[in-house]
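S.K.: Enclosed is the structure file entry_13.cif (mmCIF, C-alpha atoms and all ligand atoms).
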```cif
data_coords
loop_
_atom_site.label_atom_id
_atom_site.label_comp_id
_atom_site.auth_asym_id
_atom_site.auth_seq_id
_atom_site.Cartn_x
_atom_site.Cartn_y
_atom_site.Cartn_z
CA MET A 1 -6.90 0.31 -31.87
CA MET A 2 -9.91 2.68 -31.55
CA LYS A 3 -13.27 0.96 -32.06
CA LYS A 4 -15.40 2.47 -34.83
CA GLU A 5 -18.50 4.28 -33.62
CA LYS A 6 -21.77 2.36 -34.07
CA THR A 7 -24.53 4.20 -35.91
CA TYR A 8 -28.29 3.62 -35.94
CA TYR A 9 -30.20 5.61 -38.55
CA LYS A 10 -33.96 5.68 -39.06
CA ALA A 11 -34.57 6.31 -42.78
CA GLN A 12 -37.45 8.60 -43.76
CA SER A 13 -37.76 7.42 -47.37
CA VAL A 14 -36.30 4.93 -49.83
CA LYS A 15 -34.08 7.69 -51.26
CA ASP A 16 -32.88 8.64 -47.80
CA ALA A 17 -32.08 4.99 -46.94
CA ILE A 18 -30.06 4.49 -50.13
CA ALA A 19 -28.15 7.77 -49.66
CA LYS A 20 -27.20 6.70 -46.13
CA ALA A 21 -26.24 3.25 -47.42
CA ALA A 22 -23.93 4.85 -49.99
CA GLU A 23 -22.21 6.81 -47.20
CA HIS A 24 -21.51 3.60 -45.29
CA ALA A 25 -20.80 1.41 -48.34
CA ASN A 26 -19.43 -1.91 -47.02
CA ASP A 27 -20.21 -1.29 -43.39
CA PHE A 28 -24.01 -1.29 -42.99
CA ARG A 29 -27.11 -3.44 -42.98
CA TYR A 30 -30.67 -2.43 -43.67
CA LEU A 31 -32.79 -3.28 -40.66
CA ALA A 32 -36.33 -4.63 -41.24
CA GLY A 33 -37.75 -7.02 -38.59
CA GLY A 34 -34.21 -7.50 -37.26
CA THR A 35 -34.79 -11.18 -36.43
CA ASP A 36 -31.79 -12.19 -38.54
CA VAL A 37 -29.58 -9.09 -38.48
CA ILE A 38 -29.71 -8.45 -34.74
CA VAL A 39 -29.08 -12.10 -33.83
CA ASN A 40 -26.07 -12.20 -36.17
CA GLN A 41 -24.70 -8.94 -34.74
CA PHE A 42 -25.23 -10.15 -31.18
CA GLN A 43 -23.41 -13.45 -31.82
CA GLY A 44 -20.55 -11.62 -33.50
CA ASN A 45 -21.21 -13.27 -36.89
CA GLU A 46 -21.68 -9.74 -38.20
CA ASP A 47 -19.81 -6.63 -37.22
CA LYS A 48 -21.38 -3.92 -39.38
CA ASN A 49 -21.08 -0.53 -37.70
CA CYS A 50 -24.22 1.03 -39.16
CA LEU A 51 -27.83 -0.15 -39.09
CA ILE A 52 -30.23 1.66 -41.41
CA ASP A 53 -33.75 1.11 -40.09
CA ILE A 54 -36.23 1.02 -42.99
CA THR A 55 -39.32 0.16 -40.94
CA GLY A 56 -40.69 3.73 -41.07
CA ILE A 57 -40.95 3.73 -44.88
CA GLU A 58 -44.67 3.27 -45.44
CA GLU A 59 -44.54 2.50 -49.18
CA LEU A 60 -42.52 -0.66 -48.41
CA GLU A 61 -45.31 -2.06 -46.24
CA GLN A 62 -48.05 -2.18 -48.84
CA ILE A 63 -49.48 -4.90 -51.06
CA LYS A 64 -50.72 -3.57 -54.41
CA SER A 65 -51.98 -5.18 -57.59
CA ASP A 66 -52.85 -4.43 -61.20
CA GLU A 67 -54.13 -6.83 -63.86
CA LYS A 68 -50.77 -8.46 -64.37
CA LYS A 69 -48.91 -8.36 -61.06
CA LEU A 70 -49.23 -8.52 -57.34
CA LYS A 71 -46.59 -6.35 -55.67
CA ILE A 72 -45.74 -7.28 -52.10
CA GLY A 73 -43.83 -4.66 -50.11
CA PRO A 74 -40.70 -6.12 -48.46
CA LEU A 75 -41.83 -4.93 -45.02
CA VAL A 76 -45.00 -7.01 -45.05
CA LYS A 77 -44.79 -9.24 -41.99
CA LEU A 78 -44.77 -13.00 -42.59
CA ASP A 79 -47.78 -13.36 -40.33
CA ASP A 80 -49.77 -10.77 -42.32
CA LEU A 81 -49.47 -12.47 -45.73
CA LYS A 82 -52.48 -14.65 -44.90
CA GLU A 83 -54.69 -11.56 -44.59
CA ASN A 84 -54.42 -10.79 -48.32
CA ASP A 85 -57.24 -12.29 -50.45
CA ILE A 86 -55.17 -12.61 -53.63
CA ILE A 87 -52.32 -14.42 -51.84
CA ARG A 88 -54.81 -16.75 -50.14
CA LYS A 89 -56.52 -17.56 -53.41
CA LYS A 90 -53.66 -17.64 -55.95
CA PHE A 91 -50.49 -18.27 -53.94
CA PRO A 92 -51.49 -20.40 -50.93
CA ALA A 93 -48.11 -22.16 -50.64
CA LEU A 94 -46.57 -18.77 -49.81
CA ILE A 95 -48.74 -18.61 -46.71
CA GLU A 96 -47.72 -22.16 -45.78
CA ALA A 97 -44.05 -21.32 -46.24
CA ALA A 98 -44.34 -18.11 -44.21
CA HIS A 99 -46.09 -20.07 -41.50
CA ALA A 100 -43.20 -22.56 -41.43
CA VAL A 101 -40.68 -19.83 -40.54
CA ALA A 102 -39.51 -19.62 -36.92
CA THR A 103 -42.17 -19.11 -34.20
CA PRO A 104 -45.53 -17.26 -34.04
CA MET A 105 -43.95 -14.31 -32.21
CA LEU A 106 -41.06 -14.00 -34.67
CA ARG A 107 -43.45 -14.13 -37.62
CA LYS A 108 -45.21 -11.04 -36.29
CA THR A 109 -41.90 -9.14 -36.55
CA ALA A 110 -40.08 -10.87 -39.41
CA THR A 111 -40.66 -9.49 -42.90
CA ILE A 112 -40.81 -11.16 -46.29
CA GLY A 113 -37.98 -8.94 -47.63
CA GLY A 114 -35.76 -9.94 -44.72
CA ASN A 115 -36.68 -13.57 -45.26
CA ILE A 116 -35.54 -13.80 -48.86
CA LEU A 117 -32.28 -12.07 -47.86
CA CYS A 118 -31.65 -13.82 -44.55
CA GLU A 119 -28.07 -14.97 -44.12
CA ASN A 120 -26.89 -18.49 -45.04
CA ARG A 121 -26.35 -20.77 -42.06
CA CYS A 122 -24.08 -23.65 -40.96
CA ILE A 123 -23.77 -25.48 -37.63
CA PHE A 124 -20.09 -24.53 -37.55
CA TYR A 125 -20.79 -20.84 -38.13
CA ASN A 126 -24.01 -20.03 -36.26
CA GLN A 127 -22.38 -20.36 -32.87
CA SER A 128 -21.23 -17.87 -30.26
CA ALA A 129 -17.96 -15.98 -30.78
CA TRP A 130 -16.16 -18.00 -28.09
CA TRP A 131 -17.38 -21.31 -29.59
CA ARG A 132 -16.06 -20.32 -33.02
CA GLU A 133 -12.77 -19.17 -31.57
CA ALA A 134 -12.32 -22.48 -29.74
CA ALA A 135 -13.22 -24.56 -32.82
CA GLY A 136 -11.11 -22.41 -35.15
CA HIS A 137 -12.63 -19.86 -37.49
CA CYS A 138 -14.20 -21.14 -40.70
CA LEU A 139 -14.13 -19.53 -44.15
CA LYS A 140 -17.34 -17.59 -43.48
CA CYS A 141 -15.80 -15.83 -40.46
CA ASN A 142 -12.40 -14.97 -41.90
CA GLY A 143 -10.81 -18.36 -41.18
CA ASP A 144 -8.94 -20.41 -43.77
CA ILE A 145 -10.83 -23.71 -43.77
CA CYS A 146 -14.38 -25.03 -44.15
CA ILE A 147 -14.77 -27.04 -40.95
CA ALA A 148 -17.69 -29.06 -42.34
CA THR A 149 -15.77 -30.40 -45.35
CA GLY A 150 -12.15 -29.89 -44.30
CA GLY A 151 -11.65 -28.05 -47.61
CA LYS A 152 -10.04 -24.68 -48.10
CA LYS A 153 -11.73 -23.33 -51.20
CA ALA A 154 -15.49 -23.10 -50.76
CA CYS A 155 -18.04 -22.26 -48.09
CA PHE A 156 -21.16 -24.47 -48.19
CA SER A 157 -23.27 -22.57 -45.65
CA LYS A 158 -26.90 -23.38 -46.42
CA PHE A 159 -29.46 -21.17 -48.10
CA MET A 160 -32.16 -20.86 -45.44
CA SER A 161 -35.14 -18.81 -46.57
CA ASP A 162 -38.34 -20.85 -46.50
CA THR A 163 -40.37 -18.41 -48.58
CA ALA A 164 -37.86 -18.02 -51.42
CA PRO A 165 -38.28 -21.56 -52.89
CA VAL A 166 -42.06 -21.05 -53.07
CA LEU A 167 -41.71 -17.56 -54.53
CA ILE A 168 -39.30 -18.92 -57.17
CA CYS A 169 -41.85 -21.60 -58.10
CA TYR A 170 -44.42 -18.83 -58.54
CA ASP A 171 -42.01 -17.06 -60.96
CA ALA A 172 -41.42 -14.16 -58.56
CA GLN A 173 -39.40 -11.14 -59.61
CA ILE A 174 -38.01 -8.45 -57.33
CA GLU A 175 -37.76 -4.70 -57.87
CA VAL A 176 -34.44 -3.45 -56.55
CA LEU A 177 -33.41 0.17 -56.08
CA ASP A 178 -29.86 1.36 -55.52
CA ILE A 179 -27.80 4.48 -56.21
CA ASN A 180 -28.02 3.72 -59.94
CA GLY A 181 -31.82 3.42 -60.08
CA LEU A 182 -34.35 0.62 -60.47
CA GLN A 183 -33.70 -2.92 -61.70
CA VAL A 184 -35.89 -6.01 -61.90
CA PHE A 185 -34.51 -9.53 -61.33
CA ARG A 186 -35.97 -13.02 -61.32
CA LEU A 187 -35.67 -14.00 -57.67
CA GLU A 188 -33.53 -17.08 -58.37
CA ASP A 189 -30.98 -14.95 -60.24
CA ILE A 190 -29.84 -12.96 -57.20
CA TYR A 191 -28.33 -15.98 -55.40
CA THR A 192 -24.70 -16.77 -56.19
CA GLY A 193 -24.06 -20.22 -54.69
CA ASP A 194 -21.05 -18.84 -52.78
CA GLY A 195 -21.71 -19.39 -49.06
CA ILE A 196 -19.58 -16.40 -48.06
CA ASN A 197 -21.28 -13.89 -50.39
CA PRO A 198 -24.60 -15.57 -51.14
CA ARG A 199 -26.23 -12.71 -53.09
CA SER A 200 -25.13 -10.71 -56.11
CA LEU A 201 -27.08 -7.52 -55.31
CA SER A 202 -25.12 -4.25 -55.24
CA LYS A 203 -23.91 -2.84 -51.91
CA THR A 204 -26.72 -0.26 -51.59
CA ALA A 205 -29.50 -2.43 -53.08
CA LEU A 206 -32.86 -2.10 -51.38
CA ILE A 207 -35.77 -4.35 -52.33
CA ARG A 208 -38.81 -2.26 -53.21
CA SER A 209 -41.22 -5.05 -53.98
CA ILE A 210 -41.63 -8.76 -54.61
CA MET A 211 -43.77 -9.26 -57.72
CA LEU A 212 -45.95 -12.27 -58.49
CA PRO A 213 -47.66 -12.83 -61.86
CA LEU A 214 -51.45 -12.60 -61.87
CA ASP A 215 -51.81 -13.64 -65.52
CA ASN A 216 -51.05 -17.29 -64.79
CA THR A 217 -52.42 -19.85 -62.38
CA TYR A 218 -50.34 -22.25 -60.30
CA GLN A 219 -50.86 -25.42 -58.36
CA SER A 220 -48.16 -25.80 -55.75
CA VAL A 221 -46.86 -27.97 -52.93
CA PHE A 222 -44.57 -26.84 -50.09
CA LYS A 223 -42.69 -29.08 -47.64
CA LYS A 224 -40.16 -28.49 -44.89
CA LEU A 225 -37.95 -30.91 -42.95
CA ARG A 226 -36.84 -29.81 -39.49
CA PRO A 227 -36.21 -31.47 -36.13
CA ARG A 228 -39.04 -29.62 -34.34
CA GLU A 229 -42.15 -28.18 -36.01
CA SER A 230 -42.17 -25.33 -33.51
CA ALA A 231 -39.09 -23.23 -34.23
CA ASP A 232 -36.34 -24.84 -36.25
CA PHE A 233 -34.58 -23.64 -39.35
CA SER A 234 -34.88 -25.84 -42.40
CA SER A 235 -32.91 -29.02 -42.99
CA LEU A 236 -34.63 -29.24 -46.39
CA THR A 237 -37.33 -27.05 -47.94
CA THR A 238 -39.03 -28.11 -51.17
CA ALA A 239 -41.49 -26.30 -53.40
CA VAL A 240 -42.98 -27.63 -56.63
CA SER A 241 -45.41 -25.82 -58.92
CA LYS A 242 -47.38 -26.55 -62.07
CA ASN A 243 -48.68 -23.60 -64.06
CA GLU A 244 -51.66 -23.30 -66.40
CA GLN A 245 -49.58 -24.51 -69.36
CA GLY A 246 -48.44 -27.56 -67.38
CA ARG A 247 -44.91 -26.20 -66.87
CA ILE A 248 -43.20 -27.60 -63.77
CA LYS A 249 -40.81 -25.71 -61.51
CA ILE A 250 -38.94 -27.13 -58.51
CA ALA A 251 -36.96 -25.11 -55.96
CA LEU A 252 -35.11 -26.49 -52.93
CA GLY A 253 -33.72 -24.72 -49.88
CA GLY A 254 -31.51 -25.93 -47.03
CA VAL A 255 -29.34 -28.25 -49.17
CA ASP A 256 -26.97 -25.91 -51.02
CA PRO A 257 -25.61 -22.36 -50.64
CA LYS A 258 -28.33 -21.19 -53.05
CA PRO A 259 -31.82 -22.37 -54.01
CA VAL A 260 -31.58 -25.40 -56.28
CA VAL A 261 -33.95 -24.89 -59.21
CA ALA A 262 -35.12 -27.04 -62.13
CA GLU A 263 -37.85 -26.49 -64.72
CA GLY A 264 -39.54 -28.66 -67.33
CA ASP A 265 -42.41 -28.45 -69.79
CA SER A 266 -44.54 -31.24 -68.41
CA ILE A 267 -45.23 -33.39 -65.37
CA ALA A 268 -44.18 -36.36 -67.52
CA LEU A 269 -40.58 -35.20 -66.89
CA ARG A 270 -41.04 -35.87 -63.17
CA ASP A 271 -38.22 -38.47 -62.76
CA GLU A 272 -35.80 -36.47 -64.89
CA LEU A 273 -36.44 -33.27 -62.88
CA ILE A 274 -36.12 -35.02 -59.53
CA LEU A 275 -32.79 -36.51 -60.64
CA LYS A 276 -31.63 -33.10 -61.86
CA VAL A 277 -32.20 -31.25 -58.57
CA PHE A 278 -30.90 -34.25 -56.62
CA LYS A 279 -27.60 -34.10 -58.55
CA LYS A 280 -27.36 -30.30 -58.31
CA SER A 281 -27.79 -30.18 -54.51
CA ARG A 282 -24.41 -29.90 -52.81
CA VAL A 283 -25.54 -31.39 -49.49
CA ILE A 284 -22.80 -31.62 -46.86
CA ASP A 285 -22.74 -32.52 -43.16
CA ASN A 286 -23.48 -29.09 -41.72
CA ASP A 287 -26.92 -29.74 -40.27
CA TYR A 288 -28.44 -31.62 -37.32
CA TYR A 289 -29.61 -34.31 -39.75
CA SER A 290 -27.00 -36.31 -41.67
CA ARG A 291 -26.12 -35.55 -45.26
CA LEU A 292 -27.40 -38.97 -46.39
CA TYR A 293 -30.76 -38.57 -44.69
CA ARG A 294 -31.30 -35.09 -46.15
CA ARG A 295 -30.36 -36.36 -49.61
CA ASP A 296 -32.83 -39.24 -49.30
CA MET A 297 -35.53 -36.84 -48.14
CA ILE A 298 -35.17 -34.75 -51.31
CA ARG A 299 -36.55 -37.68 -53.30
CA VAL A 300 -39.20 -38.51 -50.71
CA PHE A 301 -40.55 -34.94 -50.54
CA LEU A 302 -40.48 -34.47 -54.31
CA GLU A 303 -42.19 -37.80 -55.04
CA GLN A 304 -44.92 -36.86 -52.54
CA SER A 305 -45.28 -33.39 -54.06
CA PHE A 306 -45.58 -34.75 -57.60
CA ASP A 307 -48.22 -37.23 -56.44
CA VAL A 308 -50.28 -34.31 -55.10
CA LEU A 309 -49.86 -32.32 -58.34
CA ALA A 310 -50.77 -35.34 -60.46
CA ALA A 311 -53.95 -35.85 -58.48
CA THR A 312 -55.16 -32.26 -58.88
C1 LIG B 1 -35.22 -18.52 -33.50
C2 LIG B 1 -35.23 -18.17 -34.96
C3 LIG B 1 -35.77 -19.07 -35.85
C4 LIG B 1 -35.79 -18.78 -37.21
N1 LIG B 1 -36.32 -19.69 -38.07
C5 LIG B 1 -36.35 -19.43 -39.40
C6 LIG B 1 -36.92 -20.38 -40.29
O1 LIG B 1 -37.42 -21.42 -39.89
N2 LIG B 1 -36.90 -20.09 -41.62
C7 LIG B 1 -36.37 -18.93 -42.11
O2 LIG B 1 -36.43 -18.71 -43.33
N3 LIG B 1 -35.84 -18.01 -41.28
C8 LIG B 1 -35.81 -18.22 -39.94
N4 LIG B 1 -35.27 -17.29 -39.08
C9 LIG B 1 -34.58 -16.12 -39.63
C10 LIG B 1 -35.43 -14.85 -39.70
O3 LIG B 1 -36.27 -14.74 -38.58
C11 LIG B 1 -36.30 -14.81 -40.94
O4 LIG B 1 -35.55 -15.13 -42.08
C12 LIG B 1 -36.97 -13.45 -41.13
O5 LIG B 1 -37.93 -13.52 -42.15
C13 LIG B 1 -36.01 -12.32 -41.46
O6 LIG B 1 -36.77 -11.14 -41.65
P1 LIG B 1 -36.45 -9.80 -40.86
O7 LIG B 1 -37.45 -8.79 -41.28
O8 LIG B 1 -36.32 -10.02 -39.41
O9 LIG B 1 -35.03 -9.48 -41.49
P2 LIG B 1 -33.82 -8.62 -40.92
O10 LIG B 1 -33.12 -9.38 -39.86
O11 LIG B 1 -34.23 -7.24 -40.60
O12 LIG B 1 -32.93 -8.58 -42.25
C14 LIG B 1 -32.40 -9.75 -42.86
C15 LIG B 1 -31.50 -9.33 -44.05
O13 LIG B 1 -32.29 -8.74 -45.07
C16 LIG B 1 -31.82 -7.42 -45.36
N5 LIG B 1 -33.02 -6.66 -45.72
C17 LIG B 1 -34.22 -6.67 -45.10
N6 LIG B 1 -35.14 -5.96 -45.81
C18 LIG B 1 -34.47 -5.49 -46.90
C19 LIG B 1 -34.86 -4.71 -48.03
N7 LIG B 1 -36.12 -4.27 -48.22
N8 LIG B 1 -33.93 -4.44 -48.98
C20 LIG B 1 -32.66 -4.88 -48.85
N9 LIG B 1 -32.24 -5.62 -47.80
C21 LIG B 1 -33.14 -5.93 -46.85
C22 LIG B 1 -31.12 -6.97 -44.10
O14 LIG B 1 -30.15 -5.96 -44.34
C23 LIG B 1 -30.46 -8.27 -43.67
O15 LIG B 1 -29.30 -8.48 -44.41
C24 LIG B 1 -35.26 -17.54 -37.70
C25 LIG B 1 -34.73 -16.62 -36.79
C26 LIG B 1 -34.71 -16.93 -35.44
C27 LIG B 1 -34.14 -15.91 -34.49
#
```
Will you turn the file into structure tokens for me?
M.R.:
Amino acid sequence: MMKKEKTYYKAQSVKDAIAKAAEHANDFRYLAGGTDVIVNQFQGNEDKNCLIDITGIEELEQIKSDEKKLKIGPLVKLDDLKENDIIRKKFPALIEAAHAVATPMLRKTATIGGNILCENRCIFYNQSAWWREAAGHCLKCNGDICIATGGKKACFSKFMSDTAPVLICYDAQIEVLDINGLQVFRLEDIYTGDGINPRSLSKTALIRSIMLPLDNTYQSVFKKLRPRESADFSSLTTAVSKNEQGRIKIALGGVDPKPVVAEGDSIALRDELILKVFKKSRVIDNDYYSRLYRRDMIRVFLEQSFDVLAAT
């Protein structure tokens, strides 16, 4: 069979990128920092034939604000978030979360847009092509079984973004453009919980901005569990926030195919909220740490986070 030709296209504008995406429908990826996409292509986890490079689109690199919102362009590098005064002052946990991603060199290339859309991971999937062939293909790479659970129906690859849980706790929304125009979503609403297709965005969807509210104030705590502080993906990421009205929001990463979120009106609901996210998290043995340890650590991290919020 003839191999399909590979295409690389450098988009000149948002409109241009979306038009190209529509031409290639199911067979493309937008390319931002490339630290997720290129690795997945190289390992054969992805076989899209077209890469649409959006890095030349200047409007996607900017951070703007008005009285009500801070708008972060998706191409802002993780390492550059700390340079913005408003983020430093109002959303410090976002800087901590960005700093917890990968390595210093990767953070100078990796973008925030790419981070919230980075692919779900599993120790039985993020392996070389020959490893996966030898072990037998899992559901996420066209096989017929989830190797981690032995089940046939669902893929439990883990939601990995470290910045998304914090952004969700800050009530982030995203502006998304596609061939049908502009839509705004709460960040948590774009994740499906299906490890094979983890996001519900349309095929041509391009994130135009990540919006954070400036008309509220948040206290927040971020934590990440990983074998090595230097480079590892998350085994558990937790974010907890308290807003001006005392409303609490919890978001977890690394323990389910989507961020696990719970909200309550007051810090007095602490135990109830911890129990809620603990029960919702579908933790399975697909990580370097055991399922039981990661489950225990959910409670430990959340108790510690609530102690910090209670003291402030
Ligand atoms: C060694 C290593 C360690 C890592 N550790 C971590 C970690 O600890 N935590 C973590 O969260 N991640 C980690 N990553 C994954 C990755 O580096 C980050 O998630 C990074 O932020 C991805 O950003 P990027 O710009 O490189 O995205 P890309 O690889 O360019 O893109 C990622 C996805 O987002 C899509 N995309 C990008 N921008 C847009 C847009 N504006 N609109 C629509 N779609 C878009 C792409 O099509 C693709 O599907 C690691 C990667 C490596 C190689």
S.K.: Please determine, counting all atoms listed in the file, which residue among A:Asn286, A:Ser234, A:Asn120, A:Ser13 has the shortest atom-to-atom distance to ligand LIG 1 (chain B).
M.R.: A:Ser234
S.K.: Select, counting all atoms listed in the file, all protein, DNA and RNA residues no farther than 10 Å from (-35.1, -18.9, -44.9) in file coordinates, and express the selection as JSON, numbers by chain.
M.R.: {"A": [36, 97, 98, 100, 101, 102, 112, 114, 115, 116, 117, 118, 119, 120, 121, 158, 159, 160, 161, 162, 163, 164, 165, 233, 234, 237, 253, 254]}
S.K.: Atoms to include: C-alpha atoms. Write the selected residues as an mmCIF file, in the coordinates of the input.
M.R.:
```cif
data_model
loop_
_atom_site.group_PDB
_atom_site.id
_atom_site.type_symbol
_atom_site.label_atom_id
_atom_site.label_comp_id
_atom_site.auth_asym_id
_atom_site.auth_seq_id
_atom_site.Cartn_x
_atom_site.Cartn_y
_atom_site.Cartn_z
ATOM 1 C CA ASP A 36 -31.790 -12.190 -38.540
ATOM 2 C CA ALA A 97 -44.050 -21.320 -46.240
ATOM 3 C CA ALA A 98 -44.340 -18.110 -44.210
ATOM 4 C CA ALA A 100 -43.200 -22.560 -41.430
ATOM 5 C CA VAL A 101 -40.680 -19.830 -40.540
ATOM 6 C CA ALA A 102 -39.510 -19.620 -36.920
ATOM 7 C CA ILE A 112 -40.810 -11.160 -46.290
ATOM 8 C CA GLY A 114 -35.760 -9.940 -44.720
ATOM 9 C CA ASN A 115 -36.680 -13.570 -45.260
ATOM 10 C CA ILE A 116 -35.540 -13.800 -48.860
ATOM 11 C CA LEU A 117 -32.280 -12.070 -47.860
ATOM 12 C CA CYS A 118 -31.650 -13.820 -44.550
ATOM 13 C CA GLU A 119 -28.070 -14.970 -44.120
ATOM 14 C CA ASN A 120 -26.890 -18.490 -45.040
ATOM 15 C CA ARG A 121 -26.350 -20.770 -42.060
ATOM 16 C CA LYS A 158 -26.900 -23.380 -46.420
ATOM 17 C CA PHE A 159 -29.460 -21.170 -48.100
ATOM 18 C CA MET A 160 -32.160 -20.860 -45.440
ATOM 19 C CA SER A 161 -35.140 -18.810 -46.570
ATOM 20 C CA ASP A 162 -38.340 -20.850 -46.500
ATOM 21 C CA THR A 163 -40.370 -18.410 -48.580
ATOM 22 C CA ALA A 164 -37.860 -18.020 -51.420
ATOM 23 C CA PRO A 165 -38.280 -21.560 -52.890
ATOM 24 C CA PHE A 233 -34.580 -23.640 -39.350
ATOM 25 C CA SER A 234 -34.880 -25.840 -42.400
ATOM 26 C CA THR A 237 -37.330 -27.050 -47.940
ATOM 27 C CA GLY A 253 -33.720 -24.720 -49.880
ATOM 28 C CA GLY A 254 -31.510 -25.930 -47.030
#
```
S.K.: Excluding region 242-246 of chain A and residues on its chain fewer than 2 positions from it, collect all residues at most 9 Å away from it, counting only C-alpha atoms, and give them as a VMD selection string.
M.R.: chain A and resid 169 to 170 216 to 220 240 248 to 249 264 to 267 309
S.K.: Hey, what's within 7 Å of region 63-70 of chain A if we count only C-alpha atoms and toss same-chain stuff fewer than 4 positions away? As a PyMOL selection string, please?
M.R.: chain A and resi 211-215
S.K.: Hey, what's within 7 Å of Ile57 (chain A) if we count only C-alpha atoms and toss same-chain stuff fewer than 2 positions away? As number ranges by chain, please?
M.R.: A: 12-14, 54-55, 59-60
S.K.: At a cut-off of 12 Å, using all atoms listed in the file, what residues contact Gly181 (chain A)? Leave out same-chain residues fewer than 4 positions from it and give the result as a ChimeraX atom specification.
M.R.: /A:14-15,18-19,175-177,202,204-208
S.K.: Would you mind reading off the distance between CA of Ile72 (chain A) and atom N5 of ligand LIG 1 (chain B), one decimal, in Å?
M.R.: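 Spanning CA of Ile72 (chain A) to atom N5 of ligand LIG 1 (chain B) is a straight-line distance of 14.2 Å.
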S.K.: What is the CA of Leu292 (chain A)-CA of Leu94 (chain A) distance in Å, reported with one decimal?
M.R.: 28.1 Å
S.K.: Which residues are near region 122-136 of chain A? Cut-off 8 Å, all atoms listed in the file, ignore same chain within fewer than 2 positions. Put them as JSON, numbers by chain.
M.R.: {"A": [43, 44, 45, 120, 138, 140, 141, 143, 147, 148, 156, 157, 158, 286, 287, 288]}
S.K.: Which distance in Å separates CA of Asn84 (chain A) and CA of Arg107 (chain A), to one decimal?
M.R.: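 Straight-line distance from CA of Asn84 (chain A) to CA of Arg107 (chain A) works out to 15.7 Å.
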S.K.: Which residue gives the smallest distance to ligand LIG 1 (chain B) among A:Lys258, A:Lys90, A:Lys152, A:Lys77, with all atoms listed in the file counted?
M.R.: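 Distance minimum relative to ligand LIG 1 (chain B) lands on A:Lys77.
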S.K.: Taking into account only C-alpha atoms and all ligand atoms, which residue in the set A:Arg228, A:Lys153, A:Lys82, A:Lys280 is nearest to ligand LIG 1 (chain B)?
M.R.: A:Arg228
S.K.: Would you mind telling me which residue in A:Glu263, A:Asp296, A:Asp144, A:Asp85 lies nearest to Phe278 (chain A) when using all atoms listed in the file?
M.R.: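 With all atoms listed in the file as the atom set, the closest residue is A:Asp296.
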S.K.: So, counting all atoms listed in the file, which residue among A:Tyr293, A:Tyr191, A:Phe222, A:Phe185 is closest to Ser235 (chain A)?
M.R.: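 Going through A:Tyr293, A:Tyr191, A:Phe222, A:Phe185 one by one, the smallest distance to Ser235 (chain A) is for A:Tyr293.
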S.K.: Have a look at A:Arg291, A:Ala231, A:Ala154, A:Val76 and name the one nearest to ligand LIG 1 (chain B); count all atoms listed in the file.
M.R.: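 Under the stated criterion, the closest residue is A:Ala231.
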